[in-house]
Amino acid sequence: MSTITMKFGGTSMGGHDAIAQVARIICDHADQGNRILTVVSAMSGVTDMLLQAASTSAAGDEATHITIIEELRKRHHETAEQLIRSEKLREALLEDLDSLLDGLNALCHSIAVLREVTPRGMDLISSFGERLSARLLAAHLNDLGRNSIAIDASDLIVTDDNFQDAVPYMDETRQRVQEYLVPCLENGMLPVVTGFIAATRKGIISTLGRGGSDYSAAILGAAIDTDHLWIYTDVDGIMTADPRIAPTARVIPVLSYGEVGELAYFGAKVLHPKTVQPMIDRGSPVRVRNTFNPSHPGTLIQPQSEITAGAVKAVTAIKDVSLISVEGRGMVGVPGIAGRTFMAVARANTSMLLISQSSSEQSFCFVIPSNRTAPTLAAIRDELDREIQRKDVDRIWAKEDIVIITTVGAGMRGMPGVAARVCGALAAHGINILVIAQGSSEYSISLVVAADDATKAVQVLHDLIA
Ligand code: ADP
Ligand code: ASP
Ligand code: MG
């Protein structure tokens with residue numbers, strides 16, 4: 001008997017047909033004698049709607065959240081009516097959904113009165129999507145005659161209080177999972193756990209960041225000592241590029257933990273960047289598969305992949321970023337300016353996605369998320385105030401509307417000429433490279449280009465590897 005942890009994303013939970021398909025996959029594997037832990041995302045689009053409800057309420061707009069909540073009620077009710085045949089189960093489910101939605105309504109109302117929403121409040125509001133969807137699937141499994149239960153991961157995953165991007169405490173999580181979740185699995189139940197959400201030690205709801213349900217599944221999978229982790233989504237696996245940008249993208253059959261970490265980190269939205277972390281110590285395989293094409297083997301992620309010399313395996317893009325440059329002739333040979341700048345960036349609570357220094361030492365630059373630009377510039381200017389006065393630093397500025405394009409593949413390690421090929425291909429298509437940087441693991445090369453060139457750049461680099 002194997003234990004399989006399955007995670008289903010937003011499109012897989014997007015409506016009654018999709019949820020019925022999810023249930024078929026779960027039941028098929030359970031009938032083959034496996035223990036199945038299921039982790040689910042909110043129905044597609046729901047998290048965005050909840051965040052909009054929170055921010056409009058905080059702006060004092062009392063109307064929008066009411067419309068949003070009614071839309072959510074309609075969609076979840078309709079799905080429930082289609083999925084659940086037993087009147088008793090259906091009535092109980094609708095009551096459960098309504099009580100959640102009424103609670104959400106009251107919360108939005110208080111935010112509108114206060115005219116303020118904290119990250120902690122955002123997490124509480126955005127937790128409703130998964131709480132609703134997990135109940136739909138569990139009720140459907142029960143309706144099919146299975147023994148299922150919806151569990152809120154806020155009772156299982158313990159995190160710090162870094163709301164909207166919380167970090168799990170694995171030992172405490174494992175203890176709770178062993179206490180509450182493992183007995184369900186041992187009793188042959190089919191538990192459905194909410195992705196994305198968790199709670200602090202004090203029991204306050206937190207989330208693991210956007211797209212975090214993949215990470216939830218890995219955390220819970222590690223805590224139950226799962227044999228397999230399968231991430232079910234709406235494409236056949238991890239592909240050589242986002243198929244929406246590069247229509248000729250192909251599924252990559254095997255990737256290593258290292259490669260997938262870089263791919264996800266550099267913007268392949270298909271998997272949350274932290275997903276493989278809990279699996280690394282265990283060495284358990286992860287698979288990315290398609291809910292709507294379940295016989296496809298998908299992408300296998302394992303400790304090592306077969307290394308193909310010279311091969312770049314995939315191209316990714318990160319949008320909504322800004323390039324910050326620090327320039328000054330007086331910086332030459334003055335130690336510590338870069339170090340102090342990076343400390344200031346860290347103090348502003350901003351993460352840097354890429355760093356590059358020109359060899360002349362007259363400037364360095366780095367890329368940060370666009371929404372952190374103003375506080376980060378202020379923090380750097382404050383830190384380098386003396387150097388600015390002395391004119392050692394001439395200019396600290398941000399360039400918006402840029403994109404990081406990254407090519408990833410273990411075969412690039414120690415291979416000369418890859419960067420030249422990449423740059424040559426872009427130049428041939430008239431695409432200007434603003435910055436180039438190599439990942440320290442040598443699994444990746446990243447380039448910064450203007451946002452207008454992004455689609456073309458992904459296509460050109462994808463043609464290079466195809
Ligand atoms: P889910 O809701 O199942 O978690 P996501 O929308 O988070 O799904 O991720 C799946 C989507 O990621 C795909 O529909 C695809 O458009 C996009 N995507 C971006 N880059 C890649 C890639 N390299 N391989 C596959 N899909 C990708
Ligand atoms: N529902 C959450 C989001 O949209 C988490 C997830 O889908 O993984 O970000
Ligand atoms: Mg996702």
# chains A, B, ... in the order shown; residues from 1 in each chain; ligands from 1
>>> residues_around(residues="region 132-140 of chain A", least_positions_apart="5", cutoff="6 Å", atoms="only C-alpha atoms", output="MDAnalysis selection string")
chainID A and resid 42 84 148:150 192 194
>>> residues_near_ligand(ligand="ligand 1", cutoff="6 Å", atoms="only C-alpha atoms and all ligand atoms", output="list of chain:residue names")
A:Gly9, A:Gly10, A:Thr11, A:Gly211, A:Thr233, A:Asp234, A:Val235, A:Gly237, A:Ile238, A:Met239, A:Thr240, A:Ala241, A:Asp242, A:Pro243, A:Arg244, A:Ala268, A:Lys269, A:Val270
>>> write_last_selection(atoms="N, CA and C atoms", output="PDB file, in the first residue's frame")
ATOM      1  N   GLY A   9      -5.463  22.040  -8.348  1.00  0.00           N
ATOM      2  CA  GLY A   9      -5.429  23.505  -8.435  1.00  0.00           C
ATOM      3  C   GLY A   9      -6.789  24.114  -8.775  1.00  0.00           C
ATOM      4  N   GLY A  10      -6.788  25.415  -8.987  1.00  0.00           N
ATOM      5  CA  GLY A  10      -8.016  26.176  -9.166  1.00  0.00           C
ATOM      6  C   GLY A  10      -8.875  25.736 -10.342  1.00  0.00           C
ATOM      7  N   THR A  11      -8.239  25.470 -11.497  1.00  0.00           N
ATOM      8  CA  THR A  11      -9.031  25.043 -12.659  1.00  0.00           C
ATOM      9  C   THR A  11      -9.604  23.650 -12.404  1.00  0.00           C
ATOM     10  N   GLY A 211      -0.512  31.093  -4.892  1.00  0.00           N
ATOM     11  CA  GLY A 211      -0.109  29.814  -5.493  1.00  0.00           C
ATOM     12  C   GLY A 211       0.391  28.811  -4.459  1.00  0.00           C
ATOM     13  N   THR A 233      -2.791  19.773 -12.253  1.00  0.00           N
ATOM     14  CA  THR A 233      -3.107  21.117 -12.717  1.00  0.00           C
ATOM     15  C   THR A 233      -3.824  21.040 -14.062  1.00  0.00           C
ATOM     16  N   ASP A 234      -3.772  22.114 -14.866  1.00  0.00           N
ATOM     17  CA  ASP A 234      -4.552  22.136 -16.110  1.00  0.00           C
ATOM     18  C   ASP A 234      -3.685  22.001 -17.359  1.00  0.00           C
ATOM     19  N   VAL A 235      -2.407  21.636 -17.186  1.00  0.00           N
ATOM     20  CA  VAL A 235      -1.536  21.348 -18.342  1.00  0.00           C
ATOM     21  C   VAL A 235      -0.857  20.003 -18.073  1.00  0.00           C
ATOM     22  N   GLY A 237       2.081  19.000 -17.682  1.00  0.00           N
ATOM     23  CA  GLY A 237       3.264  18.898 -16.824  1.00  0.00           C
ATOM     24  C   GLY A 237       4.008  20.211 -16.879  1.00  0.00           C
ATOM     25  N   ILE A 238       5.264  20.201 -16.400  1.00  0.00           N
ATOM     26  CA  ILE A 238       6.087  21.406 -16.511  1.00  0.00           C
ATOM     27  C   ILE A 238       6.625  21.431 -17.922  1.00  0.00           C
ATOM     28  N   MET A 239       6.462  22.549 -18.583  1.00  0.00           N
ATOM     29  CA  MET A 239       6.791  22.613 -20.003  1.00  0.00           C
ATOM     30  C   MET A 239       8.020  23.485 -20.236  1.00  0.00           C
ATOM     31  N   THR A 240       8.532  23.414 -21.456  1.00  0.00           N
ATOM     32  CA  THR A 240       9.755  24.143 -21.802  1.00  0.00           C
ATOM     33  C   THR A 240       9.535  25.662 -21.796  1.00  0.00           C
ATOM     34  N   ALA A 241       8.298  26.095 -21.752  1.00  0.00           N
ATOM     35  CA  ALA A 241       7.949  27.508 -21.579  1.00  0.00           C
ATOM     36  C   ALA A 241       6.457  27.550 -21.257  1.00  0.00           C
ATOM     37  N   ASP A 242       5.970  28.709 -20.830  1.00  0.00           N
ATOM     38  CA  ASP A 242       4.533  28.848 -20.590  1.00  0.00           C
ATOM     39  C   ASP A 242       3.812  28.640 -21.928  1.00  0.00           C
ATOM     40  N   PRO A 243       2.963  27.617 -22.024  1.00  0.00           N
ATOM     41  CA  PRO A 243       2.322  27.337 -23.316  1.00  0.00           C
ATOM     42  C   PRO A 243       1.450  28.479 -23.820  1.00  0.00           C
ATOM     43  N   ARG A 244       1.065  29.383 -22.923  1.00  0.00           N
ATOM     44  CA  ARG A 244       0.271  30.532 -23.386  1.00  0.00           C
ATOM     45  C   ARG A 244       1.148  31.529 -24.141  1.00  0.00           C
ATOM     46  N   ALA A 268       8.057  30.232 -13.531  1.00  0.00           N
ATOM     47  CA  ALA A 268       7.171  29.224 -14.125  1.00  0.00           C
ATOM     48  C   ALA A 268       6.026  29.037 -13.141  1.00  0.00           C
ATOM     49  N   LYS A 269       4.918  29.646 -13.432  1.00  0.00           N
ATOM     50  CA  LYS A 269       3.822  29.764 -12.471  1.00  0.00           C
ATOM     51  C   LYS A 269       3.218  28.398 -12.134  1.00  0.00           C
ATOM     52  N   VAL A 270       3.594  27.396 -12.900  1.00  0.00           N
ATOM     53  CA  VAL A 270       2.963  26.089 -12.748  1.00  0.00           C
ATOM     54  C   VAL A 270       3.207  25.464 -11.375  1.00  0.00           C
TER      55      VAL A 270
END
>>> closest_residue(among="A:Ala428, A:Ala80, A:Leu208, A:Leu89", to="ligand 2", atoms="only C-alpha atoms and all ligand atoms")
A:Leu208
>>> select_by_dssp(residues="region 324-407 of chain A", states="strand (DSSP E)", output="mmCIF file with C-alpha atoms, in the first residue's frame")
data_model
loop_
_atom_site.group_PDB
_atom_site.id
_atom_site.type_symbol
_atom_site.label_atom_id
_atom_site.label_comp_id
_atom_site.auth_asym_id
_atom_site.auth_seq_id
_atom_site.Cartn_x
_atom_site.Cartn_y
_atom_site.Cartn_z
ATOM 1 C CA ILE A 324 17.033 49.485 -9.390
ATOM 2 C CA SER A 325 20.412 50.993 -10.341
ATOM 3 C CA VAL A 326 22.959 52.607 -8.051
ATOM 4 C CA GLU A 327 25.509 54.635 -10.015
ATOM 5 C CA LEU A 354 18.636 39.198 -9.421
ATOM 6 C CA ILE A 355 21.845 41.182 -8.852
ATOM 7 C CA SER A 356 24.482 42.387 -11.327
ATOM 8 C CA GLN A 357 27.585 44.564 -11.024
ATOM 9 C CA SER A 363 27.352 50.883 -10.969
ATOM 10 C CA PHE A 364 25.406 47.901 -9.815
ATOM 11 C CA CYS A 365 21.800 47.005 -10.241
ATOM 12 C CA PHE A 366 19.234 44.546 -9.015
ATOM 13 C CA VAL A 367 15.636 43.571 -9.631
ATOM 14 C CA ILE A 368 12.836 43.732 -7.050
ATOM 15 C CA PRO A 369 9.048 43.299 -7.164
ATOM 16 C CA ARG A 395 22.104 58.409 -9.098
ATOM 17 C CA ILE A 396 19.776 55.843 -7.554
ATOM 18 C CA TRP A 397 16.859 55.117 -9.801
ATOM 19 C CA ALA A 398 14.231 52.589 -10.826
ATOM 20 C CA LYS A 399 13.292 51.384 -14.275
ATOM 21 C CA GLU A 400 9.757 50.001 -14.492
ATOM 22 C CA ASP A 401 8.201 47.901 -17.264
ATOM 23 C CA ILE A 402 10.912 45.303 -17.411
ATOM 24 C CA VAL A 403 10.807 41.499 -17.341
ATOM 25 C CA ILE A 404 13.323 38.887 -16.216
ATOM 26 C CA ILE A 405 13.698 36.090 -18.756
ATOM 27 C CA THR A 406 15.520 33.017 -17.478
ATOM 28 C CA THR A 407 16.817 29.928 -19.250
#
>>> residues_around(residues="Gln459 (chain A)", least_positions_apart="6", cutoff="9 Å", atoms="only C-alpha atoms", output="JSON list (two decimals) with C-alpha atoms, in the first residue's frame")
[["chain", "number", "residue", "atom", "x", "y", "z"],
["A", 241, "ALA", "CA", 7.95, 27.51, -21.58],
["A", 245, "ILE", "CA", 3.38, 32.45, -24.53],
["A", 246, "ALA", "CA", 5.22, 29.80, -26.57],
["A", 247, "PRO", "CA", 2.65, 27.57, -28.30],
["A", 248, "THR", "CA", 5.37, 25.08, -29.30],
["A", 315, "VAL", "CA", 12.51, 29.47, -20.53]]
>>> residues_near_ligand(ligand="ligand 3", cutoff="12 Å", atoms="only C-alpha atoms and all ligand atoms", output="NGL selection string")
:A and (7-13 or 40-45 or 47 or 195-196 or 209-217 or 231-235 or 238 or 264 or 267-275 or 288)
>>> closest_residue(among="A:Leu300, A:Leu94, A:Ala53, A:Ile337", to="Ser284 (chain A)", atoms="only C-alpha atoms")
A:Leu300
>>> residues_around(residues="Ala457 (chain A)", least_positions_apart="4", cutoff="7 Å", atoms="only C-alpha atoms", output="VMD selection string")
chain A and resid 426 453 461
>>> write_last_selection(atoms="N, CA, C and O atoms", output="mmCIF file, in the first residue's frame")
data_model
loop_
_atom_site.group_PDB
_atom_site.id
_atom_site.type_symbol
_atom_site.label_atom_id
_atom_site.label_comp_id
_atom_site.auth_asym_id
_atom_site.auth_seq_id
_atom_site.Cartn_x
_atom_site.Cartn_y
_atom_site.Cartn_z
ATOM 1 N N LEU A 426 19.044 36.771 -29.176
ATOM 2 C CA LEU A 426 18.218 37.944 -28.890
ATOM 3 C C LEU A 426 18.633 39.125 -29.765
ATOM 4 O O LEU A 426 17.781 39.823 -30.319
ATOM 5 N N ASP A 453 9.353 43.589 -24.997
ATOM 6 C CA ASP A 453 10.102 42.563 -25.717
ATOM 7 C C ASP A 453 9.915 41.164 -25.117
ATOM 8 O O ASP A 453 10.470 40.181 -25.629
ATOM 9 N N LEU A 461 14.112 32.489 -27.386
ATOM 10 C CA LEU A 461 14.941 31.580 -26.586
ATOM 11 C C LEU A 461 14.345 30.180 -26.599
ATOM 12 O O LEU A 461 15.063 29.189 -26.558
#
>>> closest_residue(among="A:Asp320, A:Val286, A:Ala112, A:Val460", to="Arg421 (chain A)", atoms="only C-alpha atoms")
A:Val460
>>> select_by_dssp(residues="region 142-220 of chain A", states="helix (DSSP H, G or I)", output="PyMOL selection string")
chain A and resi 142-143+153-155+170-186+213-220
>>> write_last_selection(atoms="N, CA, C and O atoms", output="CSV table (one decimal), in the first residue's frame")
chain,number,residue,atom,x,y,z
A,142,ASN,N,-18.5,12.0,-0.2
A,142,ASN,CA,-19.5,11.4,0.7
A,142,ASN,C,-20.7,11.0,-0.1
A,142,ASN,O,-21.3,9.9,0.1
A,143,ASP,N,-21.1,11.8,-1.0
A,143,ASP,CA,-22.3,11.5,-1.8
A,143,ASP,C,-22.1,10.3,-2.7
A,143,ASP,O,-23.0,9.6,-3.0
A,153,ALA,N,-6.6,23.5,7.0
A,153,ALA,CA,-5.2,23.4,7.3
A,153,ALA,C,-4.8,24.3,8.4
A,153,ALA,O,-3.7,24.1,9.0
A,154,SER,N,-5.6,25.2,8.8
A,154,SER,CA,-5.3,26.1,9.9
A,154,SER,C,-5.2,25.3,11.2
A,154,SER,O,-4.6,25.7,12.2
A,155,ASP,N,-5.8,24.1,11.2
A,155,ASP,CA,-5.7,23.2,12.4
A,155,ASP,C,-4.4,22.3,12.3
A,155,ASP,O,-4.2,21.5,13.2
A,170,MET,N,8.0,23.1,10.9
A,170,MET,CA,7.7,21.7,10.4
A,170,MET,C,7.5,20.8,11.6
A,170,MET,O,6.7,19.9,11.5
A,171,ASP,N,8.3,20.9,12.7
A,171,ASP,CA,8.1,20.0,13.8
A,171,ASP,C,6.7,20.0,14.4
A,171,ASP,O,6.1,19.0,14.7
A,172,GLU,N,6.3,21.3,14.7
A,172,GLU,CA,4.9,21.4,15.3
A,172,GLU,C,3.9,20.9,14.3
A,172,GLU,O,2.9,20.3,14.7
A,173,THR,N,4.1,21.2,13.0
A,173,THR,CA,3.1,20.8,12.0
A,173,THR,C,3.0,19.3,12.0
A,173,THR,O,1.9,18.7,12.0
A,174,ARG,N,4.2,18.7,12.0
A,174,ARG,CA,4.2,17.2,11.9
A,174,ARG,C,3.5,16.6,13.1
A,174,ARG,O,2.7,15.6,13.0
A,175,GLN,N,3.7,17.2,14.3
A,175,GLN,CA,3.0,16.7,15.5
A,175,GLN,C,1.5,16.7,15.3
A,175,GLN,O,0.8,15.8,15.6
A,176,ARG,N,1.0,17.9,14.8
A,176,ARG,CA,-0.5,18.0,14.7
A,176,ARG,C,-1.0,17.1,13.6
A,176,ARG,O,-2.1,16.5,13.8
A,177,VAL,N,-0.2,16.9,12.5
A,177,VAL,CA,-0.6,16.1,11.4
A,177,VAL,C,-0.7,14.6,11.9
A,177,VAL,O,-1.7,13.9,11.6
A,178,GLN,N,0.3,14.2,12.7
A,178,GLN,CA,0.3,12.8,13.2
A,178,GLN,C,-0.9,12.6,14.1
A,178,GLN,O,-1.5,11.6,14.1
A,179,GLU,N,-1.2,13.7,14.9
A,179,GLU,CA,-2.3,13.5,15.8
A,179,GLU,C,-3.7,13.5,15.2
A,179,GLU,O,-4.6,12.7,15.5
A,180,TYR,N,-3.9,14.5,14.2
A,180,TYR,CA,-5.3,14.6,13.7
A,180,TYR,C,-5.5,14.0,12.3
A,180,TYR,O,-6.6,13.5,12.0
A,181,LEU,N,-4.5,14.1,11.4
A,181,LEU,CA,-4.7,13.7,10.0
A,181,LEU,C,-4.4,12.2,9.8
A,181,LEU,O,-5.1,11.5,9.1
A,182,VAL,N,-3.3,11.8,10.4
A,182,VAL,CA,-2.9,10.4,10.1
A,182,VAL,C,-3.9,9.4,10.6
A,182,VAL,O,-4.2,8.4,9.8
A,183,PRO,N,-4.6,9.6,11.8
A,183,PRO,CA,-5.6,8.6,12.1
A,183,PRO,C,-6.7,8.5,11.1
A,183,PRO,O,-7.3,7.4,10.8
A,184,CYS,N,-7.1,9.6,10.4
A,184,CYS,CA,-8.1,9.6,9.4
A,184,CYS,C,-7.7,8.7,8.3
A,184,CYS,O,-8.5,7.9,7.8
A,185,LEU,N,-6.4,8.9,7.8
A,185,LEU,CA,-5.9,8.1,6.7
A,185,LEU,C,-5.9,6.6,7.1
A,185,LEU,O,-6.2,5.7,6.3
A,186,GLU,N,-5.5,6.3,8.4
A,186,GLU,CA,-5.4,4.9,8.8
A,186,GLU,C,-6.7,4.3,8.9
A,186,GLU,O,-6.9,3.1,8.7
A,213,SER,N,-0.9,26.6,-2.5
A,213,SER,CA,-1.5,25.2,-2.3
A,213,SER,C,-0.5,24.1,-2.6
A,213,SER,O,-0.5,23.0,-2.0
A,214,ASP,N,0.3,24.3,-3.6
A,214,ASP,CA,1.3,23.3,-4.0
A,214,ASP,C,2.2,23.1,-2.8
A,214,ASP,O,2.6,21.9,-2.4
A,215,TYR,N,2.6,24.2,-2.1
A,215,TYR,CA,3.5,24.1,-1.0
A,215,TYR,C,2.8,23.4,0.2
A,215,TYR,O,3.4,22.6,0.9
A,216,SER,N,1.5,23.8,0.4
A,216,SER,CA,0.7,23.1,1.4
A,216,SER,C,0.8,21.6,1.3
A,216,SER,O,1.0,20.8,2.2
A,217,ALA,N,0.6,21.1,0.0
A,217,ALA,CA,0.5,19.7,-0.2
A,217,ALA,C,1.9,19.1,0.1
A,217,ALA,O,2.0,18.0,0.6
A,218,ALA,N,3.0,19.8,-0.2
A,218,ALA,CA,4.3,19.2,0.1
A,218,ALA,C,4.6,19.2,1.6
A,218,ALA,O,5.1,18.2,2.1
A,219,ILE,N,4.1,20.2,2.3
A,219,ILE,CA,4.3,20.3,3.7
A,219,ILE,C,3.5,19.1,4.4
A,219,ILE,O,4.1,18.4,5.2
A,220,LEU,N,2.3,19.0,4.0
A,220,LEU,CA,1.5,17.9,4.6
A,220,LEU,C,1.9,16.5,4.1
A,220,LEU,O,2.0,15.6,4.9
>>> atom_distance(atom1="CA of Asn432 (chain A)", atom2="CA of Val448 (chain A)")
8.9 Å
>>> closest_residue(among="A:Arg146, A:Arg85, A:Arg287, A:Arg131", to="ligand 2", atoms="only C-alpha atoms and all ligand atoms")
A:Arg131
>>> atom_distance(atom1="CA of Thr455 (chain A)", atom2="CA of Asp236 (chain A)")
21.6 Å
>>> residues_around(residues="Arg115 (chain A)", least_positions_apart="4", cutoff="6 Å", atoms="only C-alpha atoms", output="number ranges by chain")
A: 58-60, 111
>>> residues_around(residues="Thr56 (chain A)", least_positions_apart="2", cutoff="12 Å", atoms="only C-alpha atoms", output="PyMOL selection string")
chain A and resi 49-54+58-68+108-109+111-113+115-117+122
>>> write_last_selection(atoms="N, CA, C and O atoms", output="tab-separated table (two decimals), in the first residue's frame")
chain	number	residue	atom	x	y	z
A	49	MET	N	-10.99	37.33	-6.28
A	49	MET	CA	-12.23	38.02	-5.90
A	49	MET	C	-12.23	38.38	-4.42
A	49	MET	O	-12.67	39.46	-4.02
A	50	LEU	N	-11.73	37.47	-3.59
A	50	LEU	CA	-11.70	37.73	-2.15
A	50	LEU	C	-10.77	38.90	-1.83
A	50	LEU	O	-11.09	39.76	-1.01
A	51	LEU	N	-9.62	38.92	-2.50
A	51	LEU	CA	-8.67	40.01	-2.25
A	51	LEU	C	-9.26	41.34	-2.70
A	51	LEU	O	-9.08	42.38	-2.06
A	52	GLN	N	-10.03	41.28	-3.78
A	52	GLN	CA	-10.69	42.51	-4.26
A	52	GLN	C	-11.76	42.95	-3.25
A	52	GLN	O	-11.90	44.16	-2.97
A	53	ALA	N	-12.49	41.97	-2.70
A	53	ALA	CA	-13.51	42.31	-1.69
A	53	ALA	C	-12.85	43.01	-0.51
A	53	ALA	O	-13.36	44.02	0.00
A	54	ALA	N	-11.68	42.51	-0.09
A	54	ALA	CA	-10.99	43.10	1.07
A	54	ALA	C	-10.51	44.51	0.73
A	54	ALA	O	-10.71	45.45	1.52
A	58	ALA	N	-11.74	48.10	2.32
A	58	ALA	CA	-10.81	48.97	3.04
A	58	ALA	C	-10.85	50.40	2.49
A	58	ALA	O	-10.56	51.36	3.20
A	59	ALA	N	-11.25	50.51	1.21
A	59	ALA	CA	-11.35	51.84	0.61
A	59	ALA	C	-12.70	52.49	0.94
A	59	ALA	O	-13.04	53.56	0.43
A	60	GLY	N	-13.50	51.81	1.78
A	60	GLY	CA	-14.77	52.39	2.21
A	60	GLY	C	-15.93	52.08	1.26
A	60	GLY	O	-17.04	52.56	1.45
A	61	ASP	N	-15.65	51.25	0.24
A	61	ASP	CA	-16.68	50.89	-0.73
A	61	ASP	C	-17.48	49.71	-0.15
A	61	ASP	O	-16.95	48.61	0.00
A	62	GLU	N	-18.73	49.96	0.20
A	62	GLU	CA	-19.55	48.92	0.85
A	62	GLU	C	-20.30	48.06	-0.15
A	62	GLU	O	-20.89	47.05	0.20
A	63	ALA	N	-20.31	48.48	-1.42
A	63	ALA	CA	-21.14	47.77	-2.40
A	63	ALA	C	-20.43	46.59	-3.04
A	63	ALA	O	-21.02	45.51	-3.22
A	64	THR	N	-19.15	46.78	-3.38
A	64	THR	CA	-18.47	45.75	-4.18
A	64	THR	C	-18.41	44.40	-3.46
A	64	THR	O	-18.67	43.36	-4.06
A	65	HIS	N	-18.07	44.40	-2.18
A	65	HIS	CA	-17.94	43.10	-1.52
A	65	HIS	C	-19.27	42.36	-1.47
A	65	HIS	O	-19.31	41.13	-1.53
A	66	ILE	N	-20.36	43.13	-1.40
A	66	ILE	CA	-21.68	42.47	-1.37
A	66	ILE	C	-21.93	41.75	-2.70
A	66	ILE	O	-22.35	40.60	-2.73
A	67	THR	N	-21.61	42.45	-3.80
A	67	THR	CA	-21.78	41.83	-5.12
A	67	THR	C	-20.88	40.59	-5.24
A	67	THR	O	-21.31	39.54	-5.72
A	68	ILE	N	-19.63	40.74	-4.79
A	68	ILE	CA	-18.69	39.61	-4.91
A	68	ILE	C	-19.18	38.41	-4.11
A	68	ILE	O	-19.20	37.28	-4.59
A	108	CYS	N	-16.02	41.70	5.93
A	108	CYS	CA	-15.84	42.79	4.96
A	108	CYS	C	-16.50	44.06	5.48
A	108	CYS	O	-15.98	45.16	5.30
A	109	HIS	N	-17.65	43.86	6.12
A	109	HIS	CA	-18.34	45.04	6.68
A	109	HIS	C	-17.45	45.72	7.73
A	109	HIS	O	-17.30	46.95	7.72
A	111	ILE	N	-14.24	45.67	7.95
A	111	ILE	CA	-13.11	46.33	7.26
A	111	ILE	C	-13.56	47.67	6.69
A	111	ILE	O	-12.85	48.68	6.78
A	112	ALA	N	-14.78	47.68	6.12
A	112	ALA	CA	-15.29	48.92	5.53
A	112	ALA	C	-15.49	49.99	6.61
A	112	ALA	O	-15.25	51.18	6.37
A	113	VAL	N	-15.91	49.56	7.80
A	113	VAL	CA	-16.10	50.52	8.89
A	113	VAL	C	-14.73	51.06	9.33
A	113	VAL	O	-14.55	52.27	9.51
A	115	ARG	N	-12.02	51.04	7.58
A	115	ARG	CA	-11.29	51.62	6.43
A	115	ARG	C	-9.82	51.22	6.43
A	115	ARG	O	-8.95	52.02	6.10
A	116	GLU	N	-9.57	50.01	6.86
A	116	GLU	CA	-8.18	49.56	6.90
A	116	GLU	C	-8.16	48.05	6.84
A	116	GLU	O	-9.00	47.39	7.45
A	117	VAL	N	-7.19	47.50	6.09
A	117	VAL	CA	-7.01	46.05	6.16
A	117	VAL	C	-5.51	45.74	6.26
A	117	VAL	O	-4.70	46.24	5.50
A	122	MET	N	-6.02	40.40	5.39
A	122	MET	CA	-6.03	39.88	4.02
A	122	MET	C	-6.00	38.36	4.04
A	122	MET	O	-6.69	37.69	3.26
>>> atom_distance(atom1="CA of Ile197 (chain A)", atom2="CA of Asp123 (chain A)")
8.0 Å
>>> residues_around(residues="Leu100 (chain A)", least_positions_apart="4", cutoff="12 Å", atoms="only C-alpha atoms", output="list in words")
Ile69, Leu72, Arg73, His76, Leu93, Leu94, Glu95, Asp96, Leu104, Asn105, Ala106, Leu107, Leu124, Ile125, Ser127, Phe128, Gly129, Glu130, Arg131, Leu132, Ser133 and Arg135 of chain A
>>> closest_residue(among="A:Ile19, A:Ile204, A:Ile4, A:Leu263", to="Gly221 (chain A)", atoms="only C-alpha atoms")
A:Ile4
>>> closest_residue(among="A:Val254, A:Val39, A:Ile318, A:Ala451", to="ligand 2", atoms="only C-alpha atoms and all ligand atoms")
A:Val39
>>> decode(residues="region 32-55 of chain A", atoms="C-alpha atoms", output="CSV table (one decimal), in the first residue's frame")
chain,number,residue,atom,x,y,z
A,32,GLN,CA,-6.1,0.4,-6.1
A,33,GLY,CA,-5.4,0.1,-2.4
A,34,ASN,CA,-3.6,3.4,-1.8
A,35,ARG,CA,-4.0,5.9,1.0
A,36,ILE,CA,-5.0,9.2,-0.5
A,37,LEU,CA,-4.5,12.6,1.1
A,38,THR,CA,-6.1,15.4,-1.0
A,39,VAL,CA,-5.2,19.1,-0.9
A,40,VAL,CA,-7.3,21.6,-2.8
A,41,SER,CA,-7.1,25.2,-4.1
A,42,ALA,CA,-10.1,27.5,-4.1
A,43,MET,CA,-12.2,27.4,-7.3
A,44,SER,CA,-10.4,29.3,-10.1
A,45,GLY,CA,-10.6,33.1,-9.7
A,46,VAL,CA,-12.0,33.0,-6.2
A,47,THR,CA,-8.8,34.1,-4.3
A,48,ASP,CA,-8.6,37.2,-6.6
A,49,MET,CA,-12.2,38.0,-5.9
A,50,LEU,CA,-11.7,37.7,-2.1
A,51,LEU,CA,-8.7,40.0,-2.2
A,52,GLN,CA,-10.7,42.5,-4.3
A,53,ALA,CA,-13.5,42.3,-1.7
A,54,ALA,CA,-11.0,43.1,1.1
A,55,SER,CA,-9.3,46.0,-0.7
